[in-house]
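Student: Contents are PDB, C-alpha atoms, pLDDT in the B column; file name model-v2.pdb:
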ATOM      1  CA  MET A 260       0.000   0.000   0.000  1.00 46.00           C
ATOM      2  CA  LYS A 261       1.173   3.405  -0.809  1.00 45.00           C
ATOM      3  CA  LYS A 262       1.954   5.905   1.904  1.00 47.00           C
ATOM      4  CA  GLY A 263      -0.860   8.256   0.694  1.00 54.00           C
ATOM      5  CA  SER A 264      -3.415   5.486   0.873  1.00 50.00           C
ATOM      6  CA  ILE A 265      -2.386   4.640   4.456  1.00 51.00           C
ATOM      7  CA  ARG A 266      -2.833   8.244   5.543  1.00 56.00           C
ATOM      8  CA  ALA A 267      -6.260   8.398   3.939  1.00 50.00           C
ATOM      9  CA  ALA A 268      -7.279   5.185   5.699  1.00 48.00           C
ATOM     10  CA  LYS A 269      -6.133   6.426   9.077  1.00 49.00           C
ATOM     11  CA  LYS A 270      -7.888   9.726   8.544  1.00 50.00           C
ATOM     12  CA  TRP A 271     -11.169   7.953   7.678  1.00 43.00           C
ATOM     13  CA  HIS A 272     -10.870   5.669  10.709  1.00 47.00           C
ATOM     14  CA  PHE A 273     -10.365   8.647  12.966  1.00 45.00           C
ATOM     15  CA  ARG A 274     -13.396  10.409  11.551  1.00 49.00           C
ATOM     16  CA  SER A 275     -15.592   7.289  11.897  1.00 46.00           C
ATOM     17  CA  LYS A 276     -14.552   6.839  15.522  1.00 47.00           C
ATOM     18  CA  SER A 277     -15.260  10.474  16.250  1.00 51.00           C
ATOM     19  CA  SER A 278     -18.722  10.274  14.662  1.00 50.00           C
ATOM     20  CA  TRP A 279     -19.521   7.146  16.676  1.00 40.00           C
ATOM     21  CA  SER A 280     -18.567   8.899  19.911  1.00 51.00           C
ATOM     22  CA  GLN A 281     -20.694  11.910  19.090  1.00 55.00           C
ATOM     23  CA  GLY A 282     -23.678   9.652  18.372  1.00 49.00           C
ATOM     24  CA  ARG A 283     -23.336   7.930  21.740  1.00 55.00           C
ATOM     25  CA  LYS A 284     -23.258  11.304  23.455  1.00 55.00           C
ATOM     26  CA  ALA A 285     -26.439  12.434  21.601  1.00 51.00           C
ATOM     27  CA  LEU A 286     -28.263   9.231  22.605  1.00 53.00           C
ATOM     28  CA  GLY A 287     -27.285   9.778  26.197  1.00 56.00           C
ATOM     29  CA  LEU A 288     -28.669  13.309  26.162  1.00 60.00           C
ATOM     30  CA  VAL A 289     -31.970  12.130  24.701  1.00 51.00           C
ATOM     31  CA  ALA A 290     -32.305   9.448  27.398  1.00 55.00           C
ATOM     32  CA  VAL A 291     -31.587  11.950  30.176  1.00 51.00           C
ATOM     33  CA  THR A 292     -34.073  14.429  28.735  1.00 59.00           C
ATOM     34  CA  SER A 293     -36.787  11.733  28.618  1.00 58.00           C
ATOM     35  CA  LEU A 294     -36.205  10.807  32.231  1.00 58.00           C
ATOM     36  CA  LEU A 295     -36.436  14.449  33.324  1.00 59.00           C
ATOM     37  CA  LEU A 296     -39.710  14.963  31.446  1.00 59.00           C
ATOM     38  CA  THR A 297     -41.217  11.810  32.968  1.00 54.00           C
ATOM     39  CA  ALA A 298     -40.233  12.894  36.488  1.00 50.00           C
ATOM     40  CA  THR A 299     -41.723  16.344  35.940  1.00 52.00           C
ATOM     41  CA  ALA A 300     -45.009  14.893  34.710  1.00 48.00           C
ATOM     42  CA  CYS A 301     -45.257  12.617  37.738  1.00 43.00           C
ATOM     43  CA  ALA A 302     -44.536  15.524  40.075  1.00 46.00           C
ATOM     44  CA  GLN A 303     -47.360  17.575  38.503  1.00 50.00           C
ATOM     45  CA  GLY A 304     -49.888  14.770  39.024  1.00 49.00           C
ATOM     46  CA  ALA A 305     -50.103  13.552  35.464  1.00 43.00           C
ATOM     47  CA  PRO A 306     -52.324  10.468  35.227  1.00 43.00           C
ATOM     48  CA  THR A 307     -50.537   7.209  35.232  1.00 43.00           C
ATOM     49  CA  SER A 308     -51.503   4.280  33.121  1.00 44.00           C
ATOM     50  CA  ALA A 309     -53.181   2.695  36.147  1.00 43.00           C
ATOM     51  CA  SER A 310     -55.362   5.738  36.788  1.00 44.00           C
ATOM     52  CA  SER A 311     -56.298   5.809  33.095  1.00 42.00           C
ATOM     53  CA  VAL A 312     -57.411   2.215  33.340  1.00 38.00           C
ATOM     54  CA  ASN A 313     -59.488   2.936  36.457  1.00 47.00           C
ATOM     55  CA  SER A 314     -61.083   5.950  34.775  1.00 45.00           C
ATOM     56  CA  ALA A 315     -62.020   3.884  31.752  1.00 41.00           C
ATOM     57  CA  LYS A 316     -63.585   1.223  33.983  1.00 45.00           C
ATOM     58  CA  ALA A 317     -65.546   3.869  35.903  1.00 44.00           C
ATOM     59  CA  THR A 318     -66.821   5.335  32.663  1.00 44.00           C
ATOM     60  CA  GLN A 319     -67.948   1.966  31.403  1.00 49.00           C
ATOM     61  CA  SER A 320     -69.658   1.088  34.702  1.00 48.00           C
ATOM     62  CA  ALA A 321     -71.724   4.401  34.860  1.00 49.00           C
ATOM     63  CA  THR A 322     -75.476   4.059  34.143  1.00 51.00           C
ATOM     64  CA  PRO A 323     -76.215   5.464  30.656  1.00 51.00           C
ATOM     65  CA  THR A 324     -78.748   8.373  30.442  1.00 49.00           C
ATOM     66  CA  PRO A 325     -81.999   7.018  29.031  1.00 46.00           C
ATOM     67  CA  THR A 326     -83.223   8.620  25.826  1.00 49.00           C
ATOM     68  CA  PRO A 327     -86.635  10.263  26.483  1.00 48.00           C
ATOM     69  CA  SER A 328     -89.512   8.896  24.506  1.00 56.00           C
ATOM     70  CA  LYS A 329     -91.203  11.129  21.915  1.00 85.00           C
ATOM     71  CA  VAL A 330     -94.259  12.380  23.855  1.00 90.00           C
ATOM     72  CA  THR A 331     -94.306  16.149  23.294  1.00 91.00           C
ATOM     73  CA  GLY A 332     -96.523  17.093  20.372  1.00 89.00           C
ATOM     74  CA  THR A 333     -98.462  13.846  20.209  1.00 94.00           C
ATOM     75  CA  VAL A 334    -102.262  13.869  20.309  1.00 94.00           C
ATOM     76  CA  CYS A 335    -104.125  13.326  23.603  1.00 95.00           C
ATOM     77  CA  THR A 336    -107.844  13.037  24.361  1.00 93.00           C
ATOM     78  CA  THR A 337    -108.516  14.398  27.874  1.00 94.00           C
ATOM     79  CA  GLU A 338    -107.515  17.929  28.815  1.00 93.00           C
ATOM     80  CA  LYS A 339    -105.325  18.214  31.938  1.00 92.00           C
ATOM     81  CA  ALA A 340    -104.592  14.492  31.929  1.00 95.00           C
ATOM     82  CA  THR A 341    -100.989  13.698  32.940  1.00 95.00           C
ATOM     83  CA  GLN A 342     -98.428  11.013  32.209  1.00 94.00           C
ATOM     84  CA  THR A 343     -94.785  10.498  33.142  1.00 94.00           C
ATOM     85  CA  SER A 344     -92.134   9.308  30.726  1.00 90.00           C
ATOM     86  CA  SER A 345     -88.359   9.088  31.359  1.00 89.00           C
ATOM     87  CA  GLY A 346     -88.739  11.126  34.533  1.00 90.00           C
ATOM     88  CA  GLN A 347     -90.582  13.954  32.742  1.00 93.00           C
ATOM     89  CA  THR A 348     -94.238  14.831  33.423  1.00 95.00           C
ATOM     90  CA  TYR A 349     -96.474  15.615  30.466  1.00 95.00           C
ATOM     91  CA  ILE A 350     -99.875  17.326  30.567  1.00 95.00           C
ATOM     92  CA  CYS A 351    -102.656  17.083  27.989  1.00 96.00           C
ATOM     93  CA  THR A 352    -103.089  20.721  26.948  1.00 95.00           C
ATOM     94  CA  VAL A 353    -104.957  22.667  24.259  1.00 94.00           C
ATOM     95  CA  ASP A 354    -102.146  24.024  22.109  1.00 92.00           C
ATOM     96  CA  GLN A 355    -102.013  27.262  20.100  1.00 89.00           C
ATOM     97  CA  ALA A 356    -103.828  25.559  17.216  1.00 90.00           C
ATOM     98  CA  GLY A 357    -106.688  24.573  19.516  1.00 90.00           C
ATOM     99  CA  LYS A 358    -105.858  20.854  19.551  1.00 93.00           C
ATOM    100  CA  LEU A 359    -105.315  18.582  22.564  1.00 95.00           C
ATOM    101  CA  THR A 360    -101.595  17.808  22.645  1.00 96.00           C
ATOM    102  CA  TRP A 361     -99.151  16.350  25.159  1.00 95.00           C
ATOM    103  CA  LEU A 362     -96.787  19.094  26.413  1.00 94.00           C
ATOM    104  CA  ASP A 363     -94.112  18.924  29.079  1.00 93.00           C
ATOM    105  CA  SER A 364     -95.160  20.477  32.364  1.00 91.00           C
ATOM    106  CA  ALA A 365     -93.058  23.629  31.892  1.00 93.00           C
ATOM    107  CA  SER A 366     -94.470  24.324  28.409  1.00 93.00           C
ATOM    108  CA  ALA A 367     -97.999  23.552  29.600  1.00 92.00           C
ATOM    109  CA  LYS A 368     -97.643  25.958  32.540  1.00 93.00           C
ATOM    110  CA  LYS A 369     -96.223  28.681  30.297  1.00 94.00           C
ATOM    111  CA  LEU A 370     -99.142  28.299  27.881  1.00 93.00           C
ATOM    112  CA  SER A 371    -101.625  28.256  30.749  1.00 91.00           C
ATOM    113  CA  ASP A 372    -100.096  31.416  32.267  1.00 95.00           C
ATOM    114  CA  GLN A 373    -100.191  33.135  28.883  1.00 93.00           C
ATOM    115  CA  ARG A 374    -103.865  32.293  28.404  1.00 91.00           C
ATOM    116  CA  ALA A 375    -104.667  33.411  31.942  1.00 94.00           C
ATOM    117  CA  ALA A 376    -102.965  36.766  31.263  1.00 96.00           C
ATOM    118  CA  GLU A 377    -104.867  37.151  27.987  1.00 93.00           C
ATOM    119  CA  ALA A 378    -108.156  36.297  29.717  1.00 95.00           C
ATOM    120  CA  ALA A 379    -107.424  38.806  32.501  1.00 96.00           C
ATOM    121  CA  ALA A 380    -106.594  41.518  29.958  1.00 97.00           C
ATOM    122  CA  LYS A 381    -109.795  40.762  28.022  1.00 96.00           C
ATOM    123  CA  ALA A 382    -111.864  40.829  31.218  1.00 96.00           C
ATOM    124  CA  ALA A 383    -110.290  44.158  32.220  1.00 97.00           C
ATOM    125  CA  ALA A 384    -111.023  45.626  28.782  1.00 97.00           C
ATOM    126  CA  GLU A 385    -114.623  44.397  28.884  1.00 96.00           C
ATOM    127  CA  LYS A 386    -115.044  45.799  32.398  1.00 96.00           C
ATOM    128  CA  ALA A 387    -113.652  49.172  31.332  1.00 97.00           C
ATOM    129  CA  GLU A 388    -115.950  49.190  28.301  1.00 95.00           C
ATOM    130  CA  ALA A 389    -118.965  48.299  30.445  1.00 96.00           C
ATOM    131  CA  GLU A 390    -118.093  51.017  32.971  1.00 96.00           C
ATOM    132  CA  LYS A 391    -117.749  53.565  30.159  1.00 96.00           C
ATOM    133  CA  ALA A 392    -121.093  52.506  28.681  1.00 96.00           C
ATOM    134  CA  ALA A 393    -122.718  52.802  32.119  1.00 96.00           C
ATOM    135  CA  ALA A 394    -121.177  56.249  32.634  1.00 96.00           C
ATOM    136  CA  ASP A 395    -122.359  57.395  29.207  1.00 96.00           C
ATOM    137  CA  LYS A 396    -125.876  56.094  29.920  1.00 95.00           C
ATOM    138  CA  ALA A 397    -125.922  57.807  33.315  1.00 96.00           C
ATOM    139  CA  ALA A 398    -124.849  61.085  31.691  1.00 96.00           C
ATOM    140  CA  ALA A 399    -127.519  60.726  28.988  1.00 96.00           C
ATOM    141  CA  ASP A 400    -130.163  59.889  31.601  1.00 95.00           C
ATOM    142  CA  LYS A 401    -129.170  62.968  33.620  1.00 95.00           C
ATOM    143  CA  VAL A 402    -129.433  65.195  30.546  1.00 96.00           C
ATOM    144  CA  ALA A 403    -132.863  63.737  29.765  1.00 95.00           C
ATOM    145  CA  ALA A 404    -133.992  64.155  33.397  1.00 95.00           C
ATOM    146  CA  ASP A 405    -132.750  67.761  33.505  1.00 95.00           C
ATOM    147  CA  LYS A 406    -134.596  68.525  30.242  1.00 95.00           C
ATOM    148  CA  ALA A 407    -137.784  66.899  31.536  1.00 94.00           C
ATOM    149  CA  ALA A 408    -137.525  68.915  34.756  1.00 94.00           C
ATOM    150  CA  ALA A 409    -136.948  72.120  32.781  1.00 95.00           C
ATOM    151  CA  ASP A 410    -139.914  71.361  30.501  1.00 95.00           C
ATOM    152  CA  GLN A 411    -142.117  70.628  33.495  1.00 92.00           C
ATOM    153  CA  ALA A 412    -141.030  73.858  35.204  1.00 94.00           C
ATOM    154  CA  ALA A 413    -141.735  75.803  31.996  1.00 95.00           C
ATOM    155  CA  ALA A 414    -145.185  74.165  31.717  1.00 94.00           C
ATOM    156  CA  VAL A 415    -145.960  75.005  35.352  1.00 94.00           C
ATOM    157  CA  GLN A 416    -144.846  78.612  34.805  1.00 95.00           C
ATOM    158  CA  ALA A 417    -146.908  78.882  31.615  1.00 95.00           C
ATOM    159  CA  ALA A 418    -149.950  77.516  33.439  1.00 93.00           C
ATOM    160  CA  ALA A 419    -149.396  79.977  36.278  1.00 93.00           C
ATOM    161  CA  ASP A 420    -149.029  82.876  33.829  1.00 95.00           C
ATOM    162  CA  LYS A 421    -152.186  81.812  32.001  1.00 94.00           C
ATOM    163  CA  ALA A 422    -154.078  81.512  35.277  1.00 93.00           C
ATOM    164  CA  ALA A 423    -152.835  84.941  36.335  1.00 94.00           C
ATOM    165  CA  ALA A 424    -153.861  86.439  32.978  1.00 95.00           C
ATOM    166  CA  GLU A 425    -157.298  84.821  33.216  1.00 93.00           C
ATOM    167  CA  ALA A 426    -157.656  86.046  36.784  1.00 94.00           C
ATOM    168  CA  ALA A 427    -156.674  89.567  35.724  1.00 94.00           C
ATOM    169  CA  ALA A 428    -159.153  89.475  32.836  1.00 94.00           C
ATOM    170  CA  ALA A 429    -161.886  88.179  35.135  1.00 93.00           C
ATOM    171  CA  LYS A 430    -161.136  90.936  37.625  1.00 91.00           C
ATOM    172  CA  ALA A 431    -161.221  93.538  34.874  1.00 92.00           C
ATOM    173  CA  ASP A 432    -164.571  92.188  33.686  1.00 90.00           C
ATOM    174  CA  ALA A 433    -165.866  92.192  37.253  1.00 89.00           C
ATOM    175  CA  ASP A 434    -164.640  95.733  37.796  1.00 87.00           C
ATOM    176  CA  ALA A 435    -166.263  96.857  34.542  1.00 87.00           C
ATOM    177  CA  ALA A 436    -169.534  95.118  35.490  1.00 84.00           C
ATOM    178  CA  ALA A 437    -169.466  96.687  38.916  1.00 83.00           C
ATOM    179  CA  LYS A 438    -168.758 100.097  37.449  1.00 79.00           C
ATOM    180  CA  ALA A 439    -171.601  99.624  34.933  1.00 76.00           C
ATOM    181  CA  GLN A 440    -173.938  98.761  37.780  1.00 75.00           C
ATOM    182  CA  ILE A 441    -172.831 101.757  39.755  1.00 61.00           C
ATOM    183  CA  GLN A 442    -173.020 104.142  36.791  1.00 55.00           C
ATOM    184  CA  PRO A 443    -175.812 102.927  34.517  1.00 50.00           C
ATOM    185  CA  LYS A 444    -175.830 104.172  30.948  1.00 50.00           C
ATOM    186  CA  VAL A 445    -177.874 107.317  30.513  1.00 45.00           C
ATOM    187  CA  VAL A 446    -180.040 107.215  27.409  1.00 44.00           C
ATOM    188  CA  PRO A 447    -180.691 110.756  26.170  1.00 46.00           C
ATOM    189  CA  VAL A 448    -184.308 111.751  25.928  1.00 45.00           C
ATOM    190  CA  ALA A 449    -185.387 113.477  22.809  1.00 45.00           C
ATOM    191  CA  PRO A 450    -186.778 116.948  23.295  1.00 48.00           C
ATOM    192  CA  PRO A 451    -190.376 117.478  22.344  1.00 49.00           C
ATOM    193  CA  ALA A 452    -191.086 117.884  18.655  1.00 47.00           C
ATOM    194  CA  GLN A 453    -191.193 121.386  17.216  1.00 53.00           C
ATOM    195  CA  GLY A 454    -193.347 121.702  14.146  1.00 63.00           C
ATOM    196  CA  ASN A 455    -192.492 119.161  11.457  1.00 84.00           C
ATOM    197  CA  CYS A 456    -188.860 118.540  12.749  1.00 90.00           C
ATOM    198  CA  ASP A 457    -187.994 115.256  14.432  1.00 92.00           C
ATOM    199  CA  PRO A 458    -187.083 115.959  18.085  1.00 92.00           C
ATOM    200  CA  ASN A 459    -184.326 113.266  18.071  1.00 92.00           C
ATOM    201  CA  TYR A 460    -182.070 115.587  16.056  1.00 92.00           C
ATOM    202  CA  ALA A 461    -180.784 119.142  16.491  1.00 91.00           C
ATOM    203  CA  GLY A 462    -178.743 121.571  14.417  1.00 88.00           C
ATOM    204  CA  ALA A 463    -180.926 121.062  11.380  1.00 89.00           C
ATOM    205  CA  CYS A 464    -184.574 120.257  10.892  1.00 91.00           C
ATOM    206  CA  VAL A 465    -184.966 116.575  10.206  1.00 91.00           C
ATOM    207  CA  PRO A 466    -188.417 116.105   8.770  1.00 92.00           C
ATOM    208  CA  ILE A 467    -190.772 113.546  10.213  1.00 91.00           C
ATOM    209  CA  ALA A 468    -191.262 110.922   7.533  1.00 90.00           C
ATOM    210  CA  SER A 469    -191.206 107.203   6.910  1.00 89.00           C
ATOM    211  CA  ASP A 470    -187.481 107.534   6.134  1.00 91.00           C
ATOM    212  CA  VAL A 471    -185.006 110.411   6.012  1.00 91.00           C
ATOM    213  CA  ASP A 472    -181.615 110.317   4.278  1.00 91.00           C
ATOM    214  CA  CYS A 473    -178.749 112.787   4.065  1.00 89.00           C
ATOM    215  CA  ALA A 474    -179.051 115.094   1.084  1.00 86.00           C
ATOM    216  CA  GLY A 475    -176.458 114.353  -1.591  1.00 82.00           C
ATOM    217  CA  GLY A 476    -175.989 110.816  -0.336  1.00 79.00           C
ATOM    218  CA  SER A 477    -177.003 107.470  -1.768  1.00 80.00           C
ATOM    219  CA  GLY A 478    -180.199 107.183   0.225  1.00 81.00           C
ATOM    220  CA  ASN A 479    -183.532 106.975  -1.526  1.00 85.00           C
ATOM    221  CA  GLY A 480    -185.643 109.142   0.806  1.00 83.00           C
ATOM    222  CA  PRO A 481    -188.449 109.886   0.535  1.00 89.00           C
ATOM    223  CA  ALA A 482    -187.292 112.771   2.791  1.00 90.00           C
ATOM    224  CA  TYR A 483    -183.840 114.396   2.952  1.00 92.00           C
ATOM    225  CA  VAL A 484    -181.928 116.636   5.350  1.00 90.00           C
ATOM    226  CA  ARG A 485    -178.751 118.650   4.817  1.00 88.00           C
ATOM    227  CA  GLY A 486    -176.452 118.262   7.756  1.00 81.00           C
ATOM    228  CA  PRO A 487    -174.641 118.213   9.864  1.00 89.00           C
ATOM    229  CA  VAL A 488    -177.220 117.253  12.468  1.00 91.00           C
ATOM    230  CA  THR A 489    -176.640 116.232  16.053  1.00 92.00           C
ATOM    231  CA  VAL A 490    -178.272 113.108  17.417  1.00 91.00           C
ATOM    232  CA  VAL A 491    -179.858 114.131  20.704  1.00 91.00           C
ATOM    233  CA  GLY A 492    -182.205 111.206  21.065  1.00 89.00           C
ATOM    234  CA  THR A 493    -182.499 107.988  19.139  1.00 90.00           C
ATOM    235  CA  ASP A 494    -180.986 107.896  15.669  1.00 90.00           C
ATOM    236  CA  ILE A 495    -184.153 106.443  14.157  1.00 90.00           C
ATOM    237  CA  TYR A 496    -183.116 107.311  10.609  1.00 90.00           C
ATOM    238  CA  GLN A 497    -179.516 106.013  10.978  1.00 88.00           C
ATOM    239  CA  LEU A 498    -178.111 109.356   9.925  1.00 85.00           C
ATOM    240  CA  ASP A 499    -175.021 108.713  12.126  1.00 84.00           C
ATOM    241  CA  GLY A 500    -174.573 105.140  10.914  1.00 76.00           C
ATOM    242  CA  ASN A 501    -170.981 105.540   9.654  1.00 73.00           C
ATOM    243  CA  ASP A 502    -168.938 106.318  12.766  1.00 77.00           C
ATOM    244  CA  ASN A 503    -171.503 106.653  15.569  1.00 80.00           C
ATOM    245  CA  ASP A 504    -169.920 109.837  16.852  1.00 84.00           C
ATOM    246  CA  GLY A 505    -173.264 111.532  17.476  1.00 85.00           C
ATOM    247  CA  ILE A 506    -173.058 113.662  14.333  1.00 89.00           C
ATOM    248  CA  GLY A 507    -175.000 112.733  11.199  1.00 88.00           C
ATOM    249  CA  CYS A 508    -174.860 113.917   7.606  1.00 87.00           C
ATOM    250  CA  GLU A 509    -171.371 115.337   8.123  1.00 81.00           C
ATOM    251  CA  ARG A 510    -170.733 115.571   4.383  1.00 73.00           C
TER     252      ARG A 510
END
Have the structure of the file written as structure tokens, please.

Tutor:
Amino acid sequence: MKKGSIRAAKKWHFRSKSSWSQGRKALGLVAVTSLLLTATACAQGAPTSASSVNSAKATQSATPTPTPSKVTGTVCTTEKATQTSSGQTYICTVDQAGKLTWLDSASAKKLSDQRAAEAAAKAAAEKAEAEKAAADKAAADKVAADKAAADQAAAVQAAADKAAAEAAAAKADADAAAKAQIQPKVVPVAPPAQGNCDPNYAGACVPIASDVDCAGGSGNGPAYVRGPVTVVGTDIYQLDGNDNDGIGCER
């Protein structure tokens, strides 16, 4: 073997030995590190394999939770009837659609409370409406009663006024009758006749005839007189028949 080949072989052997030593050191470090980590985990209370086994056994031995049967929402026939399934109480209740249905006790109570509140609100509204209607009727009745009282008072007053007026008229008539009795009407007496002139007239000679009319008037006689003439007795010829002022044939 050549000298160069021997050197190369020695150099390679040295390197291989060095690499093997370094590998042993690295394996030692890994082993130490693993031991330290295991000790730390034990110190912190990490579960051991034994505890894991016990936990698994405990889990397998626990009683499984029963699956509740499908009761809610099914049809029932008697309202407020109850049944118990899987530890839960169900009540036969009229649902929102108006059908008898099994509901759990909490849902049934909630629905019952809601309907009770709605019924109370409806009752309160109806009571308020009834009270308002009663108040309106009372007010209308009072208005009608006040009007009737006013009408009655007006009728009584009118009757009293009429009675007073009739009493006043009766008194006036009585006073007039009494005055007429005290002062009787004086009928003038015609003076005695003078010649052919009627004594019931003065101021002009009214002839004595079957009928006398004013001259120039529409009368047909047979006798006429030109006035004016004063009626001093009885106006037997109706010469003052227009205005009865005691003067005849004024025109």

Student: Give as an MDAnalysis selection string the residues that the PyMOL selection byres ((chain A and resi 504-507) around 6) matches when applied to the coordinates above.

Tutor: chainID A and resid 487:490 498:499 502:503 508:509

Student: Quote the spacing between CA of Pro466 in chain A and CA of Gln497 in chain A in Å to one decimal place.

Tutor: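 Going from CA of Pro466 in chain A over to CA of Gln497 in chain A, I get 13.6 Å.
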
Student: From (-93.2, 16.1, 23.6), in the file's coordinates, out to 8 Å: which residues are reached, counting all atoms listed in the file? Answer as a list in words.

Tutor: Lys329, Val330, Thr331, Gly332, Thr333, Tyr349, Trp361, Leu362 and Asp363 of chain A

Student: Calculate how many Å separate CA of Ala424 in chain A from CA of Ala407 in chain A, rounding to one decimal.

Tutor: 25.3 Å

Student: How many Å lie between CA of Asn479 in chain A and CA of Tyr496 in chain A, rounded to one decimal?

Tutor: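 Answer for the CA of Asn479 in chain A to CA of Tyr496 in chain A separation: 12.1 Å.
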
Student: Report as a JSON list (two decimals) with C-alpha atoms, keeping the file's coordinate frame the full result of the PyMOL selection byres ((chain A and resi 481) around 12) when it is applied to this structure.

Tutor:
[["chain", "number", "residue", "atom", "x", "y", "z"],
["A", 466, "PRO", "CA", -188.42, 116.10, 8.77],
["A", 467, "ILE", "CA", -190.77, 113.55, 10.21],
["A", 468, "ALA", "CA", -191.26, 110.92, 7.53],
["A", 469, "SER", "CA", -191.21, 107.20, 6.91],
["A", 470, "ASP", "CA", -187.48, 107.53, 6.13],
["A", 471, "VAL", "CA", -185.01, 110.41, 6.01],
["A", 472, "ASP", "CA", -181.62, 110.32, 4.28],
["A", 473, "CYS", "CA", -178.75, 112.79, 4.07],
["A", 474, "ALA", "CA", -179.05, 115.09, 1.08],
["A", 477, "SER", "CA", -177.00, 107.47, -1.77],
["A", 478, "GLY", "CA", -180.20, 107.18, 0.22],
["A", 479, "ASN", "CA", -183.53, 106.98, -1.53],
["A", 480, "GLY", "CA", -185.64, 109.14, 0.81],
["A", 482, "ALA", "CA", -187.29, 112.77, 2.79],
["A", 483, "TYR", "CA", -183.84, 114.40, 2.95],
["A", 484, "VAL", "CA", -181.93, 116.64, 5.35],
["A", 496, "TYR", "CA", -183.12, 107.31, 10.61]]
